[in-house]
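What follows is the content of work.txt, which has compact mmCIF, C-alpha atoms and all ligand atoms:
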```
# COMPACT_ATOMS: atom_id res chain seq x y z
CA MET K 1 104.62 91.43 75.90
CA ARG K 2 108.31 90.79 76.51
CA GLY K 3 107.83 87.18 75.41
CA ARG K 4 106.21 88.35 72.18
CA SER K 5 108.99 90.78 71.29
CA LEU K 6 111.48 88.06 72.05
CA LEU K 7 109.68 85.81 69.58
CA VAL K 8 109.71 88.57 66.94
CA GLU K 9 113.41 89.10 67.56
CA ARG K 10 114.08 85.39 67.27
CA SER K 11 112.23 84.99 64.00
CA ARG K 12 114.00 88.09 62.67
CA ALA K 13 117.33 86.56 63.69
CA ALA K 14 116.37 83.27 62.05
CA ARG K 15 115.43 85.10 58.81
CA LEU K 16 118.71 86.99 58.88
CA TRP K 17 120.62 83.79 59.48
CA GLN K 18 118.86 82.05 56.61
CA SER K 19 119.58 84.89 54.22
CA GLY K 20 123.19 84.94 55.40
CA ALA K 21 123.55 81.22 54.85
CA ARG K 22 121.87 81.53 51.43
CA ALA K 23 124.25 84.30 50.44
CA ALA K 24 127.08 82.16 51.74
CA ARG K 25 126.14 79.29 49.48
CA ASN K 26 125.74 81.58 46.45
CA VAL K 27 129.07 83.32 46.92
CA SER K 28 130.83 80.06 47.59
CA GLN K 29 129.25 78.42 44.54
CA SER K 30 130.43 81.20 42.26
CA ALA K 31 133.87 81.31 43.91
CA VAL K 32 134.40 77.62 43.34
CA SER K 33 133.03 77.74 39.81
CA ALA K 34 135.14 80.76 38.98
CA SER K 35 138.30 79.30 40.41
CA LEU K 36 137.76 76.03 38.62
CA ASN K 37 136.89 77.94 35.50
CA THR K 38 134.53 75.16 34.49
CA PRO K 39 130.83 74.54 34.66
CA ASP K 40 129.70 72.93 37.89
CA ALA K 41 130.25 69.37 36.69
CA SER K 42 132.67 68.57 39.48
CA VAL K 43 130.92 70.54 42.20
CA SER K 44 127.61 69.58 43.70
CA SER K 45 125.46 71.34 46.22
CA GLN K 46 125.03 69.92 49.69
CA ASP K 47 123.50 71.29 52.82
CA SER K 48 125.84 71.99 55.68
CA ASP K 49 123.71 70.50 58.40
CA SER K 50 125.42 67.14 58.64
CA GLU K 51 128.11 66.95 61.27
CA GLY K 52 131.55 65.54 60.80
CA GLU K 53 133.34 64.22 57.81
CA LYS K 54 130.42 62.41 56.20
CA GLU K 55 132.07 62.18 52.85
CA LYS K 56 130.30 60.69 49.88
CA GLY K 57 132.39 57.62 49.23
CA SER K 58 136.12 58.04 49.19
CA THR K 59 136.29 60.29 46.13
CA GLN K 60 134.53 63.35 47.53
CA THR K 61 135.17 65.89 50.23
CA HIS K 62 134.04 69.33 51.35
CA PHE K 63 135.15 72.73 50.26
CA GLY K 64 133.15 74.91 52.62
CA PHE K 65 129.52 73.97 51.99
CA ARG K 66 130.29 72.46 48.61
CA THR K 67 130.94 68.81 47.94
CA ILE K 68 133.79 68.44 45.49
CA ARG K 69 136.08 65.76 44.12
CA LYS K 70 138.95 65.15 46.54
CA GLU K 71 141.66 65.92 44.01
CA LEU K 72 140.37 69.50 43.64
CA LYS K 73 140.41 70.53 47.29
CA SER K 74 144.12 71.07 47.75
CA SER K 75 144.35 73.48 44.85
CA LEU K 76 141.20 75.37 45.90
CA VAL K 77 142.48 75.70 49.48
CA GLY K 78 145.84 76.74 48.00
CA GLN K 79 144.14 79.54 46.08
CA VAL K 80 142.38 80.72 49.24
CA PHE K 81 145.59 80.96 51.28
CA SER K 82 147.69 82.41 48.45
CA SER K 83 145.07 85.12 48.15
CA VAL K 84 144.77 85.87 51.88
CA ALA K 85 148.45 85.43 52.84
CA PRO K 86 149.46 89.15 52.79
CA SER K 87 146.48 90.20 54.93
CA TYR K 88 146.15 86.97 56.92
CA ASP K 89 147.50 88.30 60.23
CA VAL K 90 145.61 91.60 60.12
CA MET K 91 142.42 89.76 59.22
CA ASN K 92 142.81 87.37 62.17
CA ASP K 93 142.91 90.35 64.51
CA LEU K 94 139.96 92.05 62.85
CA MET K 95 137.75 88.97 62.64
CA SER K 96 138.37 87.79 66.18
CA GLY K 97 138.75 91.18 67.86
CA GLY K 98 142.24 90.00 68.81
CA ILE K 99 140.99 87.02 70.81
CA HIS K 100 142.83 84.54 68.56
CA ARG K 101 145.99 85.80 70.29
CA VAL K 102 144.65 84.67 73.66
CA TRP K 103 143.64 81.24 72.28
CA LYS K 104 147.09 80.80 70.75
CA ASP K 105 148.90 82.02 73.87
CA LEU K 106 147.01 79.53 76.05
CA PHE K 107 147.58 76.73 73.55
CA VAL K 108 151.33 77.33 73.46
CA LYS K 109 151.55 77.76 77.23
CA ASN K 110 149.90 74.36 77.66
CA MET K 111 152.25 72.86 75.12
CA CYS K 112 155.42 74.36 76.56
CA ALA K 113 154.58 73.46 80.14
CA GLN K 114 155.61 69.92 79.25
CA SER K 115 157.84 70.37 76.25
CA LYS K 116 161.07 71.90 77.47
CA GLY K 117 163.84 70.95 75.09
CA LEU K 118 161.59 68.81 72.92
CA SER K 119 161.29 68.88 69.14
CA VAL K 120 158.15 70.54 67.81
CA LEU K 121 156.65 70.19 64.36
CA ASP K 122 154.09 72.92 63.60
CA VAL K 123 152.02 71.58 60.71
CA ALA K 124 150.01 74.04 58.59
CA GLY K 125 152.10 76.57 60.48
CA GLY K 126 151.39 79.32 57.94
CA THR K 127 152.85 82.67 58.90
CA GLY K 128 154.49 81.35 62.07
CA ASP K 129 152.05 82.51 64.75
CA ILE K 130 152.41 79.36 66.86
CA ALA K 131 156.12 78.83 66.22
CA PHE K 132 156.96 82.38 67.28
CA ARG K 133 155.06 81.95 70.53
CA ILE K 134 156.98 78.74 71.22
CA ILE K 135 160.27 80.59 70.62
CA GLU K 136 159.21 83.33 73.01
CA GLU K 137 158.29 80.73 75.65
CA ARG K 138 161.65 79.02 75.14
CA ARG K 139 163.50 82.32 75.47
CA ARG K 140 161.60 83.15 78.65
CA ALA K 141 162.34 79.70 80.08
CA ALA K 142 166.01 80.06 79.13
CA VAL K 143 166.25 83.43 80.87
CA LEU K 144 164.59 82.00 83.97
CA ARG K 145 167.04 79.14 84.04
CA ASP K 146 169.90 81.45 83.11
CA MET K 147 170.89 79.51 80.02
CA SER K 148 171.02 80.22 76.33
CA SER K 149 167.84 79.54 74.35
CA THR K 150 170.05 77.81 71.79
CA SER K 151 170.43 74.94 74.24
CA TYR K 152 167.31 73.68 72.50
CA THR K 153 168.75 71.29 69.98
CA THR K 154 166.06 71.56 67.33
CA PRO K 155 164.42 74.64 65.86
CA VAL K 156 160.63 74.72 65.76
CA MET K 157 159.82 73.17 62.39
CA VAL K 158 157.10 75.03 60.51
CA CYS K 159 155.60 72.99 57.70
CA ASP K 160 152.95 74.37 55.36
CA ILE K 161 151.69 73.40 51.92
CA ASN K 162 151.48 77.00 50.76
CA ASP K 163 154.55 78.91 49.64
CA GLU K 164 152.92 82.34 49.99
CA MET K 165 152.08 81.71 53.65
CA LEU K 166 155.63 80.42 54.27
CA LYS K 167 157.07 83.49 52.57
CA VAL K 168 155.17 85.79 54.93
CA GLY K 169 156.28 83.58 57.85
CA ARG K 170 159.97 83.79 56.87
CA GLU K 171 159.75 87.58 56.49
CA ARG K 172 158.11 87.91 59.91
CA ALA K 173 160.81 85.68 61.46
CA ASN K 174 163.54 87.87 59.95
CA THR K 175 161.87 91.07 61.11
CA ARG K 176 161.64 89.70 64.65
CA GLY K 177 165.24 88.52 64.64
CA TYR K 178 164.57 84.80 65.06
CA THR K 179 167.51 82.68 63.98
CA SER K 180 167.62 79.46 61.96
CA SER K 181 168.50 77.60 65.14
CA GLU K 182 165.16 78.73 66.52
CA VAL K 183 162.81 78.20 63.59
CA SER K 184 162.88 76.52 60.19
CA PHE K 185 160.26 76.73 57.44
CA PHE K 186 159.61 74.12 54.78
CA GLN K 187 156.89 73.15 52.37
CA GLY K 188 154.98 69.94 52.95
CA ASP K 189 151.56 68.35 52.89
CA ALA K 190 149.98 67.34 56.22
CA GLU K 191 148.82 64.17 54.50
CA LYS K 192 152.34 63.20 53.37
CA LEU K 193 154.88 64.82 55.66
CA PRO K 194 158.53 64.91 54.55
CA ILE K 195 159.49 63.75 58.06
CA GLU K 196 160.91 60.47 59.36
CA SER K 197 158.65 58.14 61.32
CA ASP K 198 158.88 58.14 65.13
CA SER K 199 161.01 61.29 65.14
CA VAL K 200 159.00 64.19 66.56
CA ASP K 201 158.21 64.90 70.23
CA ILE K 202 155.31 67.26 69.64
CA TYR K 203 153.12 67.56 66.56
CA CYS K 204 150.94 70.66 66.65
CA ILE K 205 148.44 72.04 64.20
CA SER K 206 146.54 75.28 64.69
CA PHE K 207 143.54 76.16 62.53
CA GLY K 208 144.96 73.92 59.82
CA MET K 209 143.23 70.56 60.12
CA ARG K 210 139.92 71.69 58.63
CA ASN K 211 141.72 72.74 55.46
CA VAL K 212 143.30 69.38 54.64
CA THR K 213 141.57 67.17 52.12
CA ASP K 214 141.58 63.94 54.11
CA VAL K 215 141.52 64.57 57.85
CA GLN K 216 141.93 60.89 58.68
CA LYS K 217 145.07 60.68 56.53
CA ALA K 218 146.53 63.76 58.24
CA LEU K 219 145.85 62.21 61.65
CA GLN K 220 147.59 59.01 60.57
CA GLU K 221 150.58 61.05 59.38
CA ALA K 222 150.70 62.83 62.74
CA PHE K 223 150.69 59.45 64.45
CA ARG K 224 153.44 58.15 62.14
CA VAL K 225 155.91 61.02 62.67
CA LEU K 226 155.46 61.22 66.44
CA ARG K 227 157.90 59.24 68.52
CA PRO K 228 156.29 56.75 70.93
CA GLY K 229 155.15 58.83 73.89
CA GLY K 230 154.99 61.95 71.69
CA ARG K 231 152.09 64.36 71.88
CA PHE K 232 149.54 65.50 69.32
CA MET K 233 148.11 68.97 69.98
CA MET K 234 145.54 70.78 67.92
CA LEU K 235 143.80 74.14 68.10
CA GLU K 236 140.74 74.30 65.87
CA PHE K 237 137.34 75.90 65.60
CA GLY K 238 134.65 73.82 67.25
CA LYS K 239 130.92 73.65 67.82
CA VAL K 240 129.54 76.28 70.19
CA ASP K 241 127.79 74.71 73.16
CA ASN K 242 125.50 77.64 74.14
CA PRO K 243 122.47 78.11 71.80
CA VAL K 244 122.27 81.90 72.27
CA VAL K 245 125.99 82.36 71.64
CA ALA K 246 125.73 79.93 68.70
CA GLN K 247 123.06 82.07 67.03
CA ALA K 248 124.98 85.31 67.55
CA TYR K 249 128.14 83.61 66.30
CA ASP K 250 126.37 82.38 63.15
CA LEU K 251 124.99 85.82 62.43
CA TYR K 252 128.41 87.37 62.87
CA SER K 253 130.24 84.70 60.88
CA PHE K 254 127.99 84.63 57.84
CA ASN K 255 127.10 88.31 57.65
CA ILE K 256 130.15 90.19 58.88
CA ILE K 257 133.33 88.15 58.36
CA PRO K 258 133.08 87.79 54.56
CA LYS K 259 132.30 91.51 54.32
CA ILE K 260 135.45 92.37 56.33
CA GLY K 261 137.37 90.00 54.02
CA GLY K 262 135.94 91.86 51.03
CA ILE K 263 136.98 95.25 52.38
CA VAL K 264 140.40 94.42 53.88
CA ALA K 265 141.63 91.57 51.69
CA SER K 266 139.48 92.31 48.61
CA ASP K 267 138.45 88.69 48.80
CA GLU K 268 134.99 88.02 50.20
CA ALA K 269 134.78 84.51 48.71
CA SER K 270 137.88 83.20 50.50
CA TYR K 271 136.52 84.33 53.85
CA GLN K 272 133.18 82.81 52.96
CA TYR K 273 135.03 79.51 52.51
CA LEU K 274 136.80 79.91 55.86
CA VAL K 275 133.48 80.45 57.67
CA GLU K 276 131.86 77.51 55.91
CA SER K 277 134.83 75.23 56.55
CA ILE K 278 134.43 75.89 60.29
CA ARG K 279 130.81 74.72 60.19
CA ARG K 280 131.75 71.59 58.26
CA PHE K 281 134.47 70.47 60.63
CA PRO K 282 133.65 67.59 63.02
CA SER K 283 132.41 68.45 66.49
CA GLN K 284 134.80 68.19 69.42
CA LYS K 285 133.42 64.79 70.43
CA VAL K 286 133.59 63.40 66.90
CA PHE K 287 137.15 64.61 66.35
CA ALA K 288 138.27 63.21 69.71
CA ASP K 289 136.85 59.84 68.60
CA MET K 290 138.75 60.12 65.32
CA MET K 291 141.93 60.64 67.35
CA ARG K 292 141.21 57.57 69.48
CA ASN K 293 140.48 55.50 66.36
CA THR K 294 143.83 56.57 64.92
CA GLY K 295 145.56 55.13 67.98
CA PHE K 296 146.07 58.14 70.22
CA GLU K 297 145.66 57.68 73.95
CA GLU K 298 144.70 59.99 76.83
CA VAL K 299 142.68 61.97 74.31
CA SER K 300 141.09 65.12 75.67
CA PHE K 301 139.75 68.45 74.50
CA LEU K 302 139.26 71.77 76.19
CA ASN K 303 136.69 74.30 74.96
CA ARG K 304 137.55 77.98 74.81
CA THR K 305 134.97 80.77 74.46
CA PHE K 306 131.90 78.47 74.60
CA GLY K 307 133.55 76.04 72.18
CA VAL K 308 134.21 78.59 69.43
CA VAL K 309 137.62 76.93 69.49
CA ALA K 310 138.90 73.80 71.20
CA GLU K 311 142.32 72.54 72.19
CA TYR K 312 142.89 68.83 71.61
CA SER K 313 145.57 66.64 73.08
CA GLY K 314 146.53 62.99 72.68
CA PHE K 315 149.61 60.79 73.03
CA LYS K 316 151.12 58.13 70.81
CA PRO K 317 151.45 55.07 73.05
CA LYS K 318 154.85 53.69 73.92
CA PRO K 319 155.60 50.07 72.93
CA GLY K 320 153.81 47.82 75.36
CA GLU K 321 150.99 50.33 75.89
CA ASN K 322 148.37 49.06 73.42
CA TRP K 323 151.04 49.24 70.71
CA THR K 324 149.51 48.25 67.39
CA ASN K 325 152.16 49.23 64.83
C1 LIG K 401 144.11 79.16 58.85
S1 LIG K 401 145.77 78.94 58.41
C2 LIG K 401 146.53 78.62 59.98
C3 LIG K 401 147.92 79.16 60.08
C4 LIG K 401 148.56 79.08 61.48
N1 LIG K 401 148.71 77.72 61.92
C5 LIG K 401 147.78 79.89 62.49
O1 LIG K 401 147.29 79.30 63.46
O2 LIG K 401 147.68 81.09 62.31
C6 LIG K 401 145.71 77.36 57.67
C7 LIG K 401 146.99 76.92 57.02
O3 LIG K 401 146.85 75.56 56.63
C8 LIG K 401 147.65 75.38 55.47
N2 LIG K 401 147.28 74.12 54.83
C9 LIG K 401 146.13 73.82 54.19
N3 LIG K 401 146.15 72.55 53.74
C10 LIG K 401 147.34 72.02 54.13
C11 LIG K 401 147.96 70.74 53.98
N4 LIG K 401 147.34 69.75 53.33
N5 LIG K 401 149.19 70.55 54.49
C12 LIG K 401 149.84 71.56 55.14
N6 LIG K 401 149.29 72.80 55.31
C13 LIG K 401 148.07 73.01 54.82
C14 LIG K 401 147.35 76.63 54.67
O4 LIG K 401 148.28 76.85 53.65
C15 LIG K 401 147.37 77.68 55.76
O5 LIG K 401 148.64 78.24 55.92
```

Take the structure I supplied and represent it as structure tokens, if you would.
Ligand SMILES: C[S@@+](CC[C@H](N)C(=O)[O-])C[C@H]1O[C@@H](n2cnc3c(N)ncnc32)[C@H](O)[C@@H]1O
Amino acid sequence: MRGRSLLVERSRAARLWQSGARAARNVSQSAVSASLNTPDASVSSQDSDSEGEKEKGSTQTHFGFRTIRKELKSSLVGQVFSSVAPSYDVMNDLMSGGIHRVWKDLFVKNMCAQSKGLSVLDVAGGTGDIAFRIIEERRRAAVLRDMSSTSYTTPVMVCDINDEMLKVGRERANTRGYTSSEVSFFQGDAEKLPIESDSVDIYCISFGMRNVTDVQKALQEAFRVLRPGGRFMMLEFGKVDNPVVAQAYDLYSFNIIPKIGGIVASDEASYQYLVESIRRFPSQKVFADMMRNTGFEEVSFLNRTFGVVAEYSGFKPKPGENWTN
């Protein structure tokens, strides 16, 4: 009897999931079409089941579940983040029940454990969530060692492609009293960073990589700007490793998150994209391989909350250690 009701529940859940996913595709389709303001000539439908960045040739990429021409992605992603920027931080709390704070705290703690006094570039840094945590860690460390936090020679550099997100970040920094010797904000594309080669100790990117058009290019840029021995660190949504949690997570993501986005940010479609972009991003294993193929060494990842998110780490080798450049 129990087994039967479990089966009924499961098929109900599967039906719900399918209708959620169908709705997701429909909303996303109309969002993309509307934002392009053209018929669907440049946008084609593709199922989301394939894992990783299986792009069709070099001219196409993903925008959520859609396959689009590469040159369109940046502006579509730009529209998403310009639209969500004012409510971005509130939405993060609402969508994750505040748990994104724990993920970010742990990520920054790991980073700072080995980064005292080092230069940090926070790519796709948005409204400053990671940078501000680094500043707080630096201040704490400075107090512990009874020295001024300004003994850090470089401010945390926050780079983002979107001016609206940066604007919110600058305002938050001012409100919190962070100085320009602690944090600097500038516009830049993760695929073409306005940063000298071999100059940065730590490159970090949090929930940004899945939004770039060409993930491989962004990884190569990370490798270029890091000094030999420098560390790449990424926090990103991953693939959930527990099937029961995965099903619940899918139901929540496709049925609830866009609705919250609609109510709080008046923008259901943008949150639909964010949910879809998570499903399209390579699995932890695939992304770790991409890092290795780019040249990073000691590559590792650490799952949080059943793999809902994962922390990645890798090092640019020093000359003499498999140096290929
Ligand atoms: C989900 S937000 C993450 C913000 C912040 N890192 C955090 O963890 O809260 C993603 C950010 O990636 C930025 N972004 C998207 N494509 C980018 C690119 N090609 N180069 C730099 N930033 C990009 C967006 O503008 C947005 O601010």

Find the nearest atom pair between each residue of chain K and ligand LIG 401 (chain K) for residues within 7 Å, count all atoms listed in the file, give distances in Å to one decimal, sort rows by chain and ascending number, and present the table as a tab-separated table.
```
residue	atom	partner	partner_atom	distance
K:Ser74	CA	K:LIG401	N3	6.5
K:Val77	CA	K:LIG401	C9	6.2
K:Gly78	CA	K:LIG401	O4	6.2
K:Phe81	CA	K:LIG401	O4	5.5
K:Val123	CA	K:LIG401	C12	6.0
K:Ala124	CA	K:LIG401	N6	3.6
K:Gly125	CA	K:LIG401	N1	3.9
K:Gly126	CA	K:LIG401	O5	3.6
K:Thr127	CA	K:LIG401	C4	6.2
K:Gly128	CA	K:LIG401	C4	6.4
K:Asp129	CA	K:LIG401	O2	5.2
K:Ile130	CA	K:LIG401	O1	6.1
K:Cys159	CA	K:LIG401	C12	6.5
K:Asp160	CA	K:LIG401	N6	4.0
K:Ile161	CA	K:LIG401	C12	4.1
K:Asn162	CA	K:LIG401	O4	4.3
K:Met165	CA	K:LIG401	O5	5.4
K:Gly188	CA	K:LIG401	C12	5.8
K:Asp189	CA	K:LIG401	N5	3.6
K:Ala190	CA	K:LIG401	N5	3.7
K:Glu191	CA	K:LIG401	N4	5.9
K:Ile205	CA	K:LIG401	N1	6.1
K:Ser206	CA	K:LIG401	O1	4.3
K:Phe207	CA	K:LIG401	C2	4.6
K:Gly208	CA	K:LIG401	O3	4.1
K:Asn211	CA	K:LIG401	C9	4.7
K:Val212	CA	K:LIG401	N4	4.3
K:Thr213	CA	K:LIG401	N4	6.4
```

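Nearest residue to Phe223 of chain K among K:Tyr271, K:Phe107, K:Phe296, K:Phe63 is K:Phe296, counting only C-alpha atoms.
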
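Between atom CA of Arg138 of chain K and atom CA of Phe232 of chain K the interatomic distance comes to 19.1 Å.
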
Margin query: With all atoms listed in the file as the counted atoms, please give the residues lying no more than 9 Å from Phe237 of chain K, apart from itself and same-chain residues fewer than 5 positions off, as a ChimeraX atom specification.
Written below: /K:207,210,278-279,281,283-284,307-311

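Using all atoms listed in the file, the shortest contact distance between Lys318 of chain K and any of K:Pro282, K:Pro228, K:Gly238, K:Pro258 is found at K:Pro228.
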
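Residues in contact with Gln220 of chain K at 12 Å, where all atoms listed in the file are counted and same-chain residues fewer than 5 positions away are skipped, are listed as Ala190, Glu191, Lys192, Leu193, Ser197, Tyr203, Asp214, Val215, Val225, Leu226, Phe232, Met290, Met291, Arg292, Asn293, Thr294, Gly295, Phe296, Lys316 and Asn325 of chain K.
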
Can I get the selection written as an mmCIF file, in the coordinates of the input, with C-alpha atoms?
```
data_model
loop_
_atom_site.group_PDB
_atom_site.id
_atom_site.type_symbol
_atom_site.label_atom_id
_atom_site.label_comp_id
_atom_site.auth_asym_id
_atom_site.auth_seq_id
_atom_site.Cartn_x
_atom_site.Cartn_y
_atom_site.Cartn_z
ATOM 1 C CA ALA K 190 149.980 67.340 56.220
ATOM 2 C CA GLU K 191 148.820 64.170 54.500
ATOM 3 C CA LYS K 192 152.340 63.200 53.370
ATOM 4 C CA LEU K 193 154.880 64.820 55.660
ATOM 5 C CA SER K 197 158.650 58.140 61.320
ATOM 6 C CA TYR K 203 153.120 67.560 66.560
ATOM 7 C CA ASP K 214 141.580 63.940 54.110
ATOM 8 C CA VAL K 215 141.520 64.570 57.850
ATOM 9 C CA VAL K 225 155.910 61.020 62.670
ATOM 10 C CA LEU K 226 155.460 61.220 66.440
ATOM 11 C CA PHE K 232 149.540 65.500 69.320
ATOM 12 C CA MET K 290 138.750 60.120 65.320
ATOM 13 C CA MET K 291 141.930 60.640 67.350
ATOM 14 C CA ARG K 292 141.210 57.570 69.480
ATOM 15 C CA ASN K 293 140.480 55.500 66.360
ATOM 16 C CA THR K 294 143.830 56.570 64.920
ATOM 17 C CA GLY K 295 145.560 55.130 67.980
ATOM 18 C CA PHE K 296 146.070 58.140 70.220
ATOM 19 C CA LYS K 316 151.120 58.130 70.810
ATOM 20 C CA ASN K 325 152.160 49.230 64.830
#
```

Notebook entry, point to check: What is the distance, in Å and to one decimal place, between atom CA of Asp89 of chain K and atom CA of Gly261 of chain K?
Noted result: 12.0 Å

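Atom CA of Ser300 of chain K to atom CA of Ser96 of chain K spans 24.7 Å [interatomic distance, one decimal].
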
Next item on the list: Find the residues near Ile263 of chain K: any atom within 12 Å, counting all atoms listed in the file, skip ones fewer than 5 places away on the same chain, and give them as JSON, numbers by chain.
Entry: {"K": [87, 91, 94, 256, 257, 258, 268, 269, 271]}

Quick test: take segment 278-291 of chain K, keep N, CA and C atoms, and write it as a PDB file, in the first residue's frame.
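In the end it all went to out17.pdb:
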```pdb
ATOM      1  N   ILE K 278      21.380  27.370 -14.786  1.00  0.00           N
ATOM      2  CA  ILE K 278      21.990  26.453 -13.809  1.00  0.00           C
ATOM      3  C   ILE K 278      21.984  25.033 -14.368  1.00  0.00           C
ATOM      4  N   ARG K 279      20.861  24.631 -14.948  1.00  0.00           N
ATOM      5  CA  ARG K 279      20.754  23.270 -15.482  1.00  0.00           C
ATOM      6  C   ARG K 279      21.670  23.064 -16.683  1.00  0.00           C
ATOM      7  N   ARG K 280      21.976  24.126 -17.401  1.00  0.00           N
ATOM      8  CA  ARG K 280      22.794  23.987 -18.607  1.00  0.00           C
ATOM      9  C   ARG K 280      24.286  23.952 -18.301  1.00  0.00           C
ATOM     10  N   PHE K 281      24.650  24.388 -17.109  1.00  0.00           N
ATOM     11  CA  PHE K 281      26.080  24.517 -16.818  1.00  0.00           C
ATOM     12  C   PHE K 281      26.706  23.135 -16.647  1.00  0.00           C
ATOM     13  N   PRO K 282      27.985  22.979 -17.068  1.00  0.00           N
ATOM     14  CA  PRO K 282      28.640  21.671 -16.952  1.00  0.00           C
ATOM     15  C   PRO K 282      28.618  21.124 -15.525  1.00  0.00           C
ATOM     16  N   SER K 283      28.623  19.814 -15.423  1.00  0.00           N
ATOM     17  CA  SER K 283      28.680  19.168 -14.103  1.00  0.00           C
ATOM     18  C   SER K 283      30.035  19.473 -13.463  1.00  0.00           C
ATOM     19  N   GLN K 284      30.135  19.187 -12.184  1.00  0.00           N
ATOM     20  CA  GLN K 284      31.375  19.438 -11.448  1.00  0.00           C
ATOM     21  C   GLN K 284      32.558  18.738 -12.118  1.00  0.00           C
ATOM     22  N   LYS K 285      32.354  17.472 -12.502  1.00  0.00           N
ATOM     23  CA  LYS K 285      33.454  16.698 -13.086  1.00  0.00           C
ATOM     24  C   LYS K 285      33.877  17.296 -14.430  1.00  0.00           C
ATOM     25  N   VAL K 286      32.874  17.666 -15.229  1.00  0.00           N
ATOM     26  CA  VAL K 286      33.174  18.219 -16.561  1.00  0.00           C
ATOM     27  C   VAL K 286      33.903  19.555 -16.420  1.00  0.00           C
ATOM     28  N   PHE K 287      33.426  20.400 -15.485  1.00  0.00           N
ATOM     29  CA  PHE K 287      34.091  21.702 -15.355  1.00  0.00           C
ATOM     30  C   PHE K 287      35.516  21.529 -14.823  1.00  0.00           C
ATOM     31  N   ALA K 288      35.706  20.605 -13.902  1.00  0.00           N
ATOM     32  CA  ALA K 288      37.061  20.364 -13.380  1.00  0.00           C
ATOM     33  C   ALA K 288      37.983  19.930 -14.533  1.00  0.00           C
ATOM     34  N   ASP K 289      37.453  19.118 -15.445  1.00  0.00           N
ATOM     35  CA  ASP K 289      38.267  18.714 -16.614  1.00  0.00           C
ATOM     36  C   ASP K 289      38.578  19.915 -17.503  1.00  0.00           C
ATOM     37  N   MET K 290      37.598  20.804 -17.656  1.00  0.00           N
ATOM     38  CA  MET K 290      37.850  22.014 -18.456  1.00  0.00           C
ATOM     39  C   MET K 290      38.981  22.823 -17.829  1.00  0.00           C
ATOM     40  N   MET K 291      38.993  22.894 -16.497  1.00  0.00           N
ATOM     41  CA  MET K 291      40.064  23.629 -15.813  1.00  0.00           C
ATOM     42  C   MET K 291      41.422  22.983 -16.104  1.00  0.00           C
TER      43      MET K 291
END
```
